[in-house]
>>> print(open('run.txt').read())   # compact mmCIF, C-alpha atoms
# COMPACT_ATOMS: atom_id res chain seq x y z
CA MET A 16 -98.19 -37.55 56.22
CA ALA A 17 -98.63 -37.97 52.51
CA ALA A 18 -96.77 -41.27 52.48
CA LYS A 19 -99.25 -42.81 54.95
CA THR A 20 -102.22 -42.53 52.66
CA ASP A 21 -100.60 -42.32 49.23
CA ASN A 22 -100.95 -46.02 48.54
CA ASN A 23 -104.46 -46.57 49.84
CA PRO A 24 -106.29 -48.72 47.30
CA ILE A 25 -109.10 -47.24 45.23
CA THR A 26 -112.41 -48.87 46.09
CA MET A 27 -116.01 -48.26 45.10
CA ASP A 28 -116.30 -46.37 48.38
CA THR A 29 -113.73 -43.81 47.18
CA PHE A 30 -116.33 -42.64 44.64
CA LEU A 31 -119.59 -43.42 46.44
CA SER A 32 -118.75 -41.80 49.78
CA GLY A 33 -119.34 -38.33 48.34
CA ILE A 34 -122.74 -39.33 47.05
CA TRP A 35 -124.15 -40.97 50.17
CA LYS A 36 -122.04 -41.47 53.33
CA GLU A 37 -120.23 -38.12 53.16
CA ASN A 38 -122.62 -36.17 50.94
CA PRO A 39 -121.33 -32.56 51.19
CA VAL A 40 -124.83 -31.07 51.51
CA PHE A 41 -127.06 -33.63 53.22
CA VAL A 42 -124.45 -35.07 55.60
CA MET A 43 -121.66 -32.51 56.02
CA LEU A 44 -123.78 -29.36 55.43
CA LEU A 45 -121.02 -27.69 53.41
CA GLY A 46 -121.38 -24.99 50.75
CA MET A 47 -124.74 -23.78 52.07
CA CYS A 48 -124.41 -20.37 50.37
CA PRO A 49 -124.90 -21.63 46.78
CA VAL A 50 -127.18 -24.44 47.99
CA LEU A 51 -129.72 -21.93 49.30
CA ALA A 52 -129.11 -19.10 46.87
CA VAL A 53 -129.16 -20.59 43.38
CA THR A 54 -131.49 -23.56 43.73
CA ASN A 55 -134.66 -21.70 42.74
CA SER A 56 -134.64 -23.56 39.42
CA VAL A 57 -133.34 -26.89 38.11
CA ALA A 58 -131.27 -25.21 35.37
CA ASN A 59 -129.47 -22.93 37.86
CA ALA A 60 -128.87 -25.86 40.24
CA LEU A 61 -127.42 -28.00 37.45
CA ALA A 62 -125.16 -25.20 36.19
CA MET A 63 -123.86 -24.45 39.70
CA GLY A 64 -123.33 -28.17 40.42
CA LEU A 65 -121.34 -28.69 37.22
CA ALA A 66 -119.29 -25.51 37.75
CA THR A 67 -118.42 -26.54 41.32
CA THR A 68 -117.53 -30.08 40.20
CA PHE A 69 -115.21 -28.65 37.52
CA VAL A 70 -113.43 -26.42 40.05
CA LEU A 71 -113.25 -29.27 42.60
CA LEU A 72 -111.75 -31.74 40.10
CA CYS A 73 -109.22 -29.36 38.52
CA SER A 74 -108.02 -27.72 41.74
CA ASN A 75 -107.75 -30.99 43.65
CA ALA A 76 -105.94 -32.67 40.76
CA LEU A 77 -103.31 -29.91 40.72
CA ILE A 78 -103.00 -29.95 44.51
CA SER A 79 -102.54 -33.71 44.45
CA LEU A 80 -99.81 -33.43 41.82
CA LEU A 81 -98.00 -30.72 43.81
CA ARG A 82 -98.58 -32.26 47.27
CA HIS A 83 -94.91 -33.16 47.82
CA HIS A 84 -93.70 -29.70 46.75
CA ILE A 85 -96.03 -27.35 48.68
CA PRO A 86 -94.54 -26.56 52.12
CA LYS A 87 -97.11 -26.96 54.90
CA GLU A 88 -96.62 -23.36 56.09
CA VAL A 89 -98.08 -21.94 52.87
CA ARG A 90 -100.40 -24.76 51.89
CA ILE A 91 -103.70 -22.93 52.56
CA ALA A 92 -102.53 -19.84 50.65
CA ALA A 93 -101.41 -22.07 47.77
CA TYR A 94 -104.72 -23.98 47.75
CA ILE A 95 -106.75 -20.75 47.70
CA VAL A 96 -104.71 -19.36 44.78
CA ILE A 97 -105.22 -22.60 42.84
CA ILE A 98 -108.97 -22.75 43.61
CA ALA A 99 -109.42 -19.04 42.73
CA THR A 100 -107.67 -19.65 39.41
CA PHE A 101 -110.07 -22.41 38.38
CA VAL A 102 -113.07 -20.37 39.61
CA THR A 103 -111.96 -17.53 37.31
CA VAL A 104 -111.57 -20.04 34.48
CA VAL A 105 -115.07 -21.46 35.01
CA ASP A 106 -116.45 -17.90 35.25
CA TYR A 107 -115.05 -17.06 31.78
CA LEU A 108 -116.21 -20.40 30.36
CA ILE A 109 -119.82 -20.01 31.55
CA HIS A 110 -119.82 -16.41 30.25
CA ALA A 111 -118.67 -17.71 26.86
CA ILE A 112 -121.09 -20.68 26.77
CA SER A 113 -124.34 -18.99 27.86
CA LEU A 114 -125.03 -15.39 28.77
CA GLU A 115 -128.41 -16.39 30.26
CA VAL A 116 -126.88 -18.91 32.69
CA TYR A 117 -124.10 -16.42 33.53
CA ASN A 118 -126.64 -13.72 34.39
CA ALA A 119 -128.82 -16.16 36.35
CA LEU A 120 -125.96 -17.39 38.55
CA GLY A 121 -124.57 -13.86 39.04
CA ALA A 122 -122.00 -13.45 41.79
CA PHE A 123 -122.41 -17.03 43.00
CA ILE A 124 -119.96 -18.28 40.35
CA GLN A 125 -117.17 -16.18 41.88
CA LEU A 126 -118.29 -17.29 45.35
CA ILE A 127 -117.39 -20.91 44.52
CA VAL A 128 -113.93 -19.89 45.71
CA VAL A 129 -115.17 -19.77 49.31
CA ASN A 130 -117.09 -23.05 49.10
CA CYS A 131 -115.56 -24.90 52.04
CA MET A 132 -116.28 -28.26 50.40
CA ILE A 133 -113.50 -27.57 47.85
CA LEU A 134 -110.92 -26.33 50.35
CA GLY A 135 -111.92 -29.16 52.70
CA ARG A 136 -111.33 -31.78 50.00
CA ALA A 137 -107.98 -30.19 49.17
CA GLU A 138 -106.80 -30.31 52.78
CA ALA A 139 -108.36 -33.64 53.81
CA PHE A 140 -107.93 -35.68 50.65
CA ALA A 141 -106.05 -34.21 47.67
CA SER A 142 -102.99 -33.21 49.72
CA ARG A 143 -102.66 -36.81 51.01
CA HIS A 144 -103.60 -39.01 48.06
CA ARG A 145 -102.32 -39.75 44.59
CA LEU A 146 -103.95 -38.25 41.51
CA SER A 147 -106.19 -41.19 40.55
CA SER A 148 -107.76 -41.47 44.04
CA THR A 149 -108.20 -37.69 44.21
CA LEU A 150 -109.97 -37.55 40.85
CA ILE A 151 -112.34 -40.40 41.70
CA ASN A 152 -113.12 -39.03 45.16
CA GLY A 153 -113.53 -35.47 43.79
CA LEU A 154 -115.88 -36.72 41.07
CA GLY A 155 -117.99 -38.52 43.69
CA MET A 156 -118.14 -35.37 45.83
CA GLY A 157 -119.02 -33.23 42.81
CA VAL A 158 -121.76 -35.64 41.72
CA GLY A 159 -123.09 -35.77 45.30
CA PHE A 160 -123.13 -31.96 45.49
CA THR A 161 -124.86 -31.68 42.08
CA ILE A 162 -127.48 -34.28 43.04
CA ALA A 163 -128.18 -32.38 46.27
CA LEU A 164 -128.59 -29.10 44.38
CA LEU A 165 -130.90 -30.82 41.89
CA CYS A 166 -132.99 -32.26 44.74
CA LEU A 167 -133.54 -28.77 46.10
CA GLY A 168 -133.90 -27.09 42.71
CA SER A 169 -136.50 -29.52 41.39
CA VAL A 170 -138.76 -29.26 44.47
CA ARG A 171 -138.47 -25.45 44.62
CA GLU A 172 -139.13 -24.97 40.89
CA LEU A 173 -141.98 -27.47 40.88
CA LEU A 174 -143.80 -25.88 43.82
CA GLY A 175 -142.68 -22.28 43.29
CA ALA A 176 -143.35 -21.99 39.57
CA GLY A 177 -145.24 -25.18 38.63
CA THR A 178 -142.54 -26.02 36.08
CA LEU A 179 -139.59 -28.36 35.71
CA LEU A 180 -136.71 -27.12 33.55
CA GLY A 181 -139.15 -24.45 32.37
CA PHE A 182 -141.81 -26.92 31.16
CA PRO A 183 -145.22 -26.50 32.83
CA ILE A 184 -146.19 -29.55 34.91
CA PHE A 185 -149.40 -28.70 36.75
CA GLY A 186 -151.26 -26.71 34.09
CA GLU A 187 -152.92 -23.29 34.18
CA ALA A 188 -155.01 -23.92 37.33
CA PHE A 189 -151.96 -24.33 39.58
CA GLU A 190 -151.30 -21.39 41.89
CA PRO A 191 -147.50 -21.25 42.43
CA TRP A 192 -146.15 -21.19 45.99
CA VAL A 193 -144.01 -18.11 45.42
CA ILE A 194 -142.32 -18.48 48.82
CA MET A 195 -140.53 -21.58 47.53
CA LEU A 196 -138.56 -19.39 45.11
CA LEU A 197 -137.64 -16.95 47.88
CA PRO A 198 -134.87 -17.53 50.48
CA PRO A 199 -137.25 -19.00 53.12
CA GLY A 200 -138.29 -21.64 50.56
CA GLY A 201 -134.65 -22.72 50.32
CA PHE A 202 -134.52 -23.30 54.08
CA PHE A 203 -137.86 -25.16 54.11
CA VAL A 204 -136.86 -27.53 51.30
CA LEU A 205 -133.34 -28.07 52.70
CA GLY A 206 -134.87 -28.89 56.10
CA ALA A 207 -137.26 -31.37 54.52
CA TRP A 208 -134.47 -33.13 52.60
CA LEU A 209 -132.27 -33.27 55.74
CA LEU A 210 -135.17 -34.81 57.64
CA LEU A 211 -135.67 -37.43 54.95
CA PHE A 212 -131.94 -38.22 54.86
CA ALA A 213 -131.75 -38.54 58.65
CA TRP A 214 -134.84 -40.79 58.69
CA VAL A 215 -133.46 -43.12 56.00
CA LYS A 216 -130.09 -43.34 57.80
CA GLU A 217 -131.71 -44.04 61.16
CA ARG A 218 -133.86 -46.76 59.59
CA GLN A 219 -130.77 -48.35 58.08
CA ILE A 220 -128.99 -48.33 61.45
CA LYS A 221 -132.01 -49.89 63.22
CA ARG A 222 -132.31 -52.59 60.57
CA SER A 223 -128.62 -53.51 60.76
CA ALA A 224 -128.79 -53.53 64.59
CA ALA A 225 -131.87 -55.81 64.49
CA ALA A 226 -130.13 -58.09 62.00
CA SER A 227 -126.99 -58.39 64.15
CA VAL A 228 -129.12 -59.15 67.28
CA GLY A 229 -130.98 -61.86 65.35
CA GLU A 230 -127.71 -63.31 64.12
CA ALA A 231 -126.32 -63.39 67.67
CA ALA A 232 -129.47 -65.18 68.94
CA VAL A 233 -129.17 -67.84 66.21
CA ASN A 234 -125.48 -68.37 67.05
CA ALA A 235 -126.32 -68.68 70.79
CA ARG A 236 -128.74 -71.55 70.07
CA MET B 28 -80.48 -33.52 81.93
CA SER B 29 -78.66 -34.52 78.84
CA SER B 30 -80.49 -37.92 78.68
CA SER B 31 -83.94 -36.28 78.95
CA ALA B 32 -82.98 -33.88 76.17
CA SER B 33 -82.06 -36.76 73.91
CA VAL B 34 -85.54 -38.41 74.19
CA GLN B 35 -87.43 -35.20 73.36
CA PRO B 36 -88.75 -35.28 69.80
CA GLN B 37 -86.80 -32.96 67.57
CA LYS B 38 -88.67 -29.98 66.20
CA PRO B 39 -89.02 -30.20 62.43
CA LYS B 40 -86.66 -27.85 60.68
CA PRO B 41 -88.58 -24.77 59.46
CA THR B 42 -88.84 -24.40 55.71
CA SER B 43 -86.63 -21.65 54.36
CA SER B 44 -88.33 -18.39 53.35
CA VAL B 45 -86.82 -18.67 49.90
CA LYS B 46 -88.62 -21.98 49.31
CA LEU B 47 -91.94 -20.58 50.59
CA ILE B 48 -91.72 -17.51 48.36
CA THR B 49 -90.57 -19.55 45.36
CA THR B 50 -93.43 -22.04 45.75
CA LEU B 51 -96.10 -19.37 46.03
CA GLY B 52 -94.48 -17.36 43.23
CA LEU B 53 -94.48 -20.32 40.84
CA ILE B 54 -98.10 -21.20 41.66
CA ALA B 55 -99.12 -17.55 41.15
CA LEU B 56 -97.22 -17.47 37.84
CA PHE B 57 -98.98 -20.62 36.64
CA SER B 58 -102.34 -19.21 37.76
CA GLY B 59 -101.74 -15.92 35.97
CA LEU B 60 -100.77 -17.66 32.74
CA LEU B 61 -103.83 -19.95 32.88
CA VAL B 62 -106.26 -17.10 33.61
CA VAL B 63 -104.85 -14.90 30.82
CA SER B 64 -104.93 -17.81 28.34
CA VAL B 65 -108.57 -18.64 29.12
CA PHE B 66 -109.50 -14.94 29.03
CA GLU B 67 -107.96 -14.56 25.56
CA PHE B 68 -109.58 -17.79 24.37
CA THR B 69 -113.08 -16.92 25.59
CA LYS B 70 -112.99 -13.17 24.73
CA PRO B 71 -114.41 -13.49 21.16
CA TYR B 72 -117.12 -15.92 22.30
CA ILE B 73 -118.19 -13.60 25.14
CA ALA B 74 -118.27 -10.60 22.77
CA GLU B 75 -120.33 -12.60 20.25
CA ASN B 76 -122.79 -13.70 22.97
CA GLN B 77 -123.24 -10.08 24.06
CA ARG B 78 -123.71 -8.94 20.45
CA ILE B 79 -126.36 -11.62 19.84
CA ALA B 80 -128.17 -10.75 23.09
CA LEU B 81 -128.19 -7.03 22.23
CA GLU B 82 -129.34 -7.66 18.68
CA ARG B 83 -132.13 -9.93 19.89
CA ALA B 84 -133.26 -7.30 22.41
CA VAL B 85 -133.19 -4.47 19.82
CA LEU B 86 -135.20 -6.45 17.27
CA GLU B 87 -137.63 -7.50 20.01
CA VAL B 88 -138.50 -3.93 21.03
CA ILE B 89 -138.83 -2.54 17.48
CA PRO B 90 -141.70 -4.43 15.77
CA GLY B 91 -141.05 -5.10 12.08
CA ALA B 92 -137.28 -4.60 12.36
CA VAL B 93 -135.05 -7.36 11.02
CA GLU B 94 -131.74 -5.52 10.98
CA ARG B 95 -129.92 -3.45 13.59
CA ARG B 96 -127.54 -0.60 12.79
CA ASP B 97 -125.72 1.50 15.37
CA PHE B 98 -125.49 5.28 15.20
CA ILE B 99 -123.69 7.86 17.30
CA LEU B 100 -125.54 10.93 18.53
CA THR B 101 -123.17 13.93 18.75
CA ASP B 102 -123.67 17.68 19.09
CA GLU B 103 -123.39 17.93 15.30
CA GLY B 104 -126.01 15.30 14.50
CA VAL B 105 -126.46 11.56 14.06
CA PHE B 106 -123.80 9.52 12.25
CA PRO B 107 -123.38 5.82 11.46
CA LYS B 108 -121.10 4.34 14.12
CA ASP B 109 -118.12 3.81 11.80
CA GLN B 110 -118.33 7.34 10.33
CA ALA B 111 -118.81 9.35 13.52
CA PRO B 112 -116.35 12.26 13.79
CA GLU B 113 -116.46 12.24 17.59
CA SER B 114 -117.69 10.08 20.44
CA GLY B 115 -121.25 10.28 21.74
CA SER B 116 -124.25 8.21 22.81
CA ILE B 117 -124.84 4.99 20.87
CA ILE B 118 -128.33 4.73 19.35
CA HIS B 119 -129.52 1.35 18.03
CA ALA B 120 -131.79 1.74 15.01
CA GLY B 121 -134.02 -0.98 13.50
CA PHE B 122 -134.71 -1.43 9.79
CA ASP B 123 -137.19 -3.71 8.03
CA GLU B 124 -136.49 -6.13 5.14
CA ALA B 125 -136.77 -3.32 2.58
CA GLY B 126 -134.26 -1.25 4.57
CA ARG B 127 -136.87 1.21 5.85
CA PHE B 128 -136.27 2.85 9.22
CA GLN B 129 -138.66 1.43 11.86
CA GLY B 130 -137.53 3.09 15.07
CA VAL B 131 -134.79 3.28 17.66
CA ALA B 132 -133.99 1.23 20.76
CA LEU B 133 -132.89 3.21 23.81
CA GLU B 134 -131.60 2.10 27.18
CA ALA B 135 -133.04 3.26 30.48
CA SER B 136 -132.18 2.35 34.03
CA GLY B 137 -133.37 3.12 37.52
CA ARG B 138 -133.57 1.85 41.07
CA GLY B 139 -136.01 -1.05 41.52
CA TYR B 140 -136.93 -2.95 44.69
CA ALA B 141 -133.81 -5.14 44.94
CA ASP B 142 -131.28 -3.42 42.71
CA VAL B 143 -130.90 -1.28 39.60
CA ILE B 144 -133.15 -2.37 36.72
CA ARG B 145 -131.88 -1.87 33.14
CA VAL B 146 -134.34 -1.96 30.26
CA LEU B 147 -134.28 -1.42 26.52
CA TYR B 148 -137.31 0.24 24.93
CA GLY B 149 -138.27 0.82 21.32
CA TYR B 150 -139.46 4.21 20.07
CA ASP B 151 -141.28 4.73 16.79
CA PRO B 152 -141.10 8.39 15.66
CA SER B 153 -144.01 7.93 13.22
CA CYS B 154 -146.48 7.38 16.10
CA GLN B 155 -144.33 9.16 18.69
CA CYS B 156 -144.82 6.22 21.00
CA ILE B 157 -142.95 3.51 22.82
CA VAL B 158 -143.56 0.27 20.92
CA GLY B 159 -141.76 -2.35 23.02
CA MET B 160 -139.79 -2.91 26.21
CA THR B 161 -137.51 -5.70 27.41
CA VAL B 162 -135.61 -6.07 30.66
CA LEU B 163 -131.83 -6.32 30.19
CA GLU B 164 -130.86 -6.68 33.85
CA SER B 165 -132.94 -7.14 36.96
CA ARG B 166 -132.60 -8.77 40.36
CA GLU B 167 -136.23 -8.23 41.36
CA THR B 168 -137.93 -10.78 43.62
CA PRO B 169 -138.74 -14.03 41.77
CA GLY B 170 -142.49 -14.48 41.45
CA LEU B 171 -143.26 -10.86 42.41
CA GLY B 172 -141.01 -8.09 41.08
CA ASP B 173 -139.92 -10.16 38.11
CA LYS B 174 -143.50 -9.87 36.77
CA ILE B 175 -142.20 -6.74 34.97
CA GLU B 176 -140.71 -9.31 32.57
CA THR B 177 -143.21 -12.15 32.72
CA ASP B 178 -146.69 -10.60 33.20
CA PRO B 179 -148.23 -10.41 29.70
CA LEU B 180 -150.70 -7.70 30.81
CA PHE B 181 -147.89 -5.47 32.06
CA VAL B 182 -145.73 -6.06 28.98
CA ALA B 183 -148.78 -5.18 26.80
CA ASN B 184 -148.62 -1.62 28.24
CA PHE B 185 -145.62 -0.98 26.00
CA GLU B 186 -147.15 -1.93 22.68
CA ARG B 187 -148.23 1.67 22.03
CA LEU B 188 -147.37 3.93 24.97
CA ASP B 189 -147.74 7.60 24.14
CA ALA B 190 -144.43 9.49 24.33
CA ARG B 191 -145.10 12.52 22.16
CA LEU B 192 -143.02 15.66 22.62
CA ALA B 193 -144.40 18.98 23.80
CA ALA B 194 -144.99 21.66 21.16
CA ASP B 195 -141.68 23.40 21.95
CA GLY B 196 -139.84 20.04 21.75
CA SER B 197 -138.15 20.53 25.11
CA GLY B 198 -139.55 17.37 26.68
CA LEU B 199 -142.45 14.98 26.81
CA ALA B 200 -145.92 16.46 26.44
CA ASN B 201 -147.24 14.13 29.15
CA ARG B 202 -145.39 12.50 31.97
CA ILE B 203 -145.18 8.69 31.55
CA ARG B 204 -146.25 7.15 34.84
CA THR B 205 -147.36 3.88 36.37
CA VAL B 206 -150.83 3.86 37.94
CA ASP B 207 -152.78 1.25 39.92
CA PRO B 208 -153.60 -2.01 38.12
CA GLY B 209 -156.51 -1.43 35.71
CA ALA B 210 -156.58 2.33 36.40
CA ALA B 211 -154.78 3.53 33.26
CA GLU B 212 -157.07 5.89 31.33
CA GLN B 213 -154.59 7.93 29.33
CA PRO B 214 -152.36 6.49 26.56
CA TRP B 215 -149.26 7.60 28.49
CA GLU B 216 -150.26 5.73 31.66
CA ILE B 217 -149.02 2.24 32.55
CA ASP B 218 -151.18 -0.29 34.40
CA GLY B 219 -149.20 -1.42 37.45
CA ILE B 220 -148.86 -4.92 38.91
CA THR B 221 -150.40 -6.13 42.16
CA GLY B 222 -147.61 -7.23 44.51
CA ALA B 223 -144.90 -5.53 42.46
CA THR B 224 -145.75 -1.86 42.95
CA ILE B 225 -142.18 -0.61 43.40
CA SER B 226 -140.80 -2.51 40.39
CA ALA B 227 -143.66 -1.40 38.12
CA GLU B 228 -143.35 2.23 39.23
CA ALA B 229 -139.59 2.07 38.67
CA ILE B 230 -140.21 1.10 35.04
CA GLY B 231 -142.58 4.06 34.52
CA ASN B 232 -140.15 6.50 36.13
CA MET B 233 -137.09 5.32 34.20
CA LEU B 234 -138.95 5.43 30.86
CA ASN B 235 -140.19 8.93 31.60
CA ARG B 236 -136.73 10.15 32.62
CA SER B 237 -134.99 8.61 29.62
CA ALA B 238 -137.57 9.64 27.00
CA ASP B 239 -137.82 13.14 28.44
CA SER B 240 -134.07 13.70 28.07
CA VAL B 241 -133.08 11.70 24.95
CA LEU B 242 -136.05 12.20 22.60
CA PRO B 243 -135.72 16.04 22.41
CA GLU B 244 -132.08 15.52 21.34
CA LEU B 245 -133.01 12.89 18.75
CA ALA B 246 -136.12 14.58 17.34
CA PRO B 247 -134.32 16.94 14.90
CA HIS B 248 -132.36 14.02 13.43
CA TRP B 249 -134.99 11.42 12.42
CA ALA B 250 -134.25 12.23 8.75
CA ALA B 251 -130.63 11.18 9.25
CA PHE B 252 -131.79 7.65 10.15
CA GLU B 253 -134.04 7.53 7.06
CA GLN B 254 -131.19 8.66 4.80
CA ASN B 255 -128.90 5.94 6.03
CA ASN B 256 -131.03 3.08 4.80
>>> encode(input="run.txt", output="structure tokens")
Amino acid sequence: MAAKTDNNPITMDTFLSGIWKENPVFVMLLGMCPVLAVTNSVANALAMGLATTFVLLCSNALISLLRHHIPKEVRIAAYIVIIATFVTVVDYLIHAISLEVYNALGAFIQLIVVNCMILGRAEAFASRHRLSSTLINGLGMGVGFTIALLCLGSVRELLGAGTLLGFPIFGEAFEPWVIMLLPPGGFFVLGAWLLLFAWVKERQIKRSAAASVGEAAVNAR
Amino acid sequence: MSSSASVQPQKPKPTSSVKLITTLGLIALFSGLLVVSVFEFTKPYIAENQRIALERAVLEVIPGAVERRDFILTDEGVFPKDQAPESGSIIHAGFDEAGRFQGVALEASGRGYADVIRVLYGYDPSCQCIVGMTVLESRETPGLGDKIETDPLFVANFERLDARLAADGSGLANRIRTVDPGAAEQPWEIDGITGATISAEAIGNMLNRSADSVLPELAPHWAAFEQNN
């Protein structure tokens, strides 16, 4: 199976698919646990996005390197051990870099291990592609995931606390919408972003369909 | 029969158990080595971060303190941490620029609304009052329960909260308690927070419990802190 896709060329799409066409949050709805839980501020969203990207890149790189040596019977067990290792590494690193960020993210750092986006990438991409493609695709997915978390985090912090990265935006008179910082706020904002994404995609499809109909009419003349 | 058997696709040969175990074993070995290496590498940085956070919290709750020194409270008295003859409770003491004793920082904890809340509070024996409080750990509701950290009016309760001992020194003379917002009339009462009743009451209860049990033990030893300046 690996040989079939090993030599696929690297294109711009290898990187960009994770950001737009296959965005893990807005299109594939993966990793919803951290998406809803830690996006009550921009700083938390950024830290979680970077931590997940680090785990995604490192684990998928190792899986790609070992893809010809891991028997298929134990591949999931092997992937989980590799992912758990890098989650533990990132847990220690965040603890060493900033105690505040470590306390803010709490148990959700360890829960990166069960983020199905990472295991999904390992099974669907890293185990079938060479290292360079895996790194580029993983980076695109990580950036797409981080952007999605930032989209949620910025709206929730702005409306829920009136701040952005801790800096006040609306002034003293603003009455914060506390619900935006609570779990229901996560669902509301995620729903709104999904709606926007779906609307943009539908508009794109309609436009391309209209363009192809117009082109066909011109050719018919 | 034999011809139909020849067209059937052959089942792939199962991987030997030895190879499966070896593969997983090698991956686990690599993982173990990597985790231990990173743990050893980050250990001093994590310890330093925790020391800085504790020092910052101690100096925050003891006004005027610029230096923290740790002491051990044992049955025989109070000793500097490195000279203690036996183990006991750690007491963080704050000293000003001239090396004068300013007060102690004590830890208290109790059940809040979401989880256990841990706080550090400063006690000044000269006024027999709590002179500062900071939250070390809390998972209270953002925007509501977390006002125990962010509400300036609530935090102002702990600038001079009466915690004097009873005449016999067995406990607090007056029970520290949280009352309704704006209803505090006595110096040992804490004004609560609207919308965060449980969290605010938890703070009052944990301070009362901690001060009532630790201060009687510390009271005979204030001179030991002064002598160690």
>>> interface_residues(input="run.txt", of="chain A", to="chain B", cutoff="9 Å", atoms="only C-alpha atoms", output="VMD selection string")
chain A and resid 55 84 to 89 92 to 93 96 to 97 99 to 101 103 to 104 107 to 108 110 to 114 118 175 to 176 191 to 194 196 to 197
>>> closest_residue(input="run.txt", among="A:Glu217, A:Glu230, A:Glu172, A:Glu187", to="Val204 in chain A", atoms="all atoms listed in the file")
A:Glu172
>>> closest_residue(input="run.txt", among="B:Thr221, B:Ser153, B:Thr161, B:Gln37", to="Ala132 in chain B", atoms="all atoms listed in the file")
B:Thr161
>>> atom_distance(input="run.txt", atom1="CA of Gly172 in chain B", atom2="CA of Ala223 in chain B")
4.9 Å
>>> atom_distance(input="run.txt", atom1="CA of Ala84 in chain B", atom2="CA of Pro183 in chain A")
24.9 Å
>>> residues_near_point(input="run.txt", point="(-130.5, -21.5, 46.9)", cutoff="9 Å", atoms="only C-alpha atoms", output="ChimeraX atom specification")
/A:47-56,60,164,167-168,196-198,200-202
>>> write_last_selection(input="run.txt", atoms="C-alpha atoms", output="tab-separated table (two decimals), in the frame of the given file")
chain	number	residue	atom	x	y	z
A	47	MET	CA	-124.74	-23.78	52.07
A	48	CYS	CA	-124.41	-20.37	50.37
A	49	PRO	CA	-124.90	-21.63	46.78
A	50	VAL	CA	-127.18	-24.44	47.99
A	51	LEU	CA	-129.72	-21.93	49.30
A	52	ALA	CA	-129.11	-19.10	46.87
A	53	VAL	CA	-129.16	-20.59	43.38
A	54	THR	CA	-131.49	-23.56	43.73
A	55	ASN	CA	-134.66	-21.70	42.74
A	56	SER	CA	-134.64	-23.56	39.42
A	60	ALA	CA	-128.87	-25.86	40.24
A	164	LEU	CA	-128.59	-29.10	44.38
A	167	LEU	CA	-133.54	-28.77	46.10
A	168	GLY	CA	-133.90	-27.09	42.71
A	196	LEU	CA	-138.56	-19.39	45.11
A	197	LEU	CA	-137.64	-16.95	47.88
A	198	PRO	CA	-134.87	-17.53	50.48
A	200	GLY	CA	-138.29	-21.64	50.56
A	201	GLY	CA	-134.65	-22.72	50.32
A	202	PHE	CA	-134.52	-23.30	54.08
>>> atom_distance(input="run.txt", atom1="CA of Ile220 in chain B", atom2="CA of Ala193 in chain B")
28.6 Å
>>> residues_around(input="run.txt", residues="range 201-205 of chain B", least_positions_apart="5", cutoff="8 Å", atoms="only C-alpha atoms", output="PyMOL selection string")
chain B and resi 189-193+215-219+227-228+230-232+234-235
>>> axis_aligned_box(input="run.txt", around="range 38-48 of chain B", padding_each_side="8 Å", output="AutoDock Vina command-line options")
--center_x -89.3 --center_y -23.9 --center_z 57.3 --size_x 21.3 --size_y 28.7 --size_z 33.8
>>> residues_near_point(input="run.txt", point="(-142.0, 7.8, 23.2)", cutoff="10 Å", atoms="all atoms listed in the file", output="number ranges by chain")
B: 148-152, 154-158, 185, 187-192, 199, 203, 215, 234-235, 237-239, 241-242
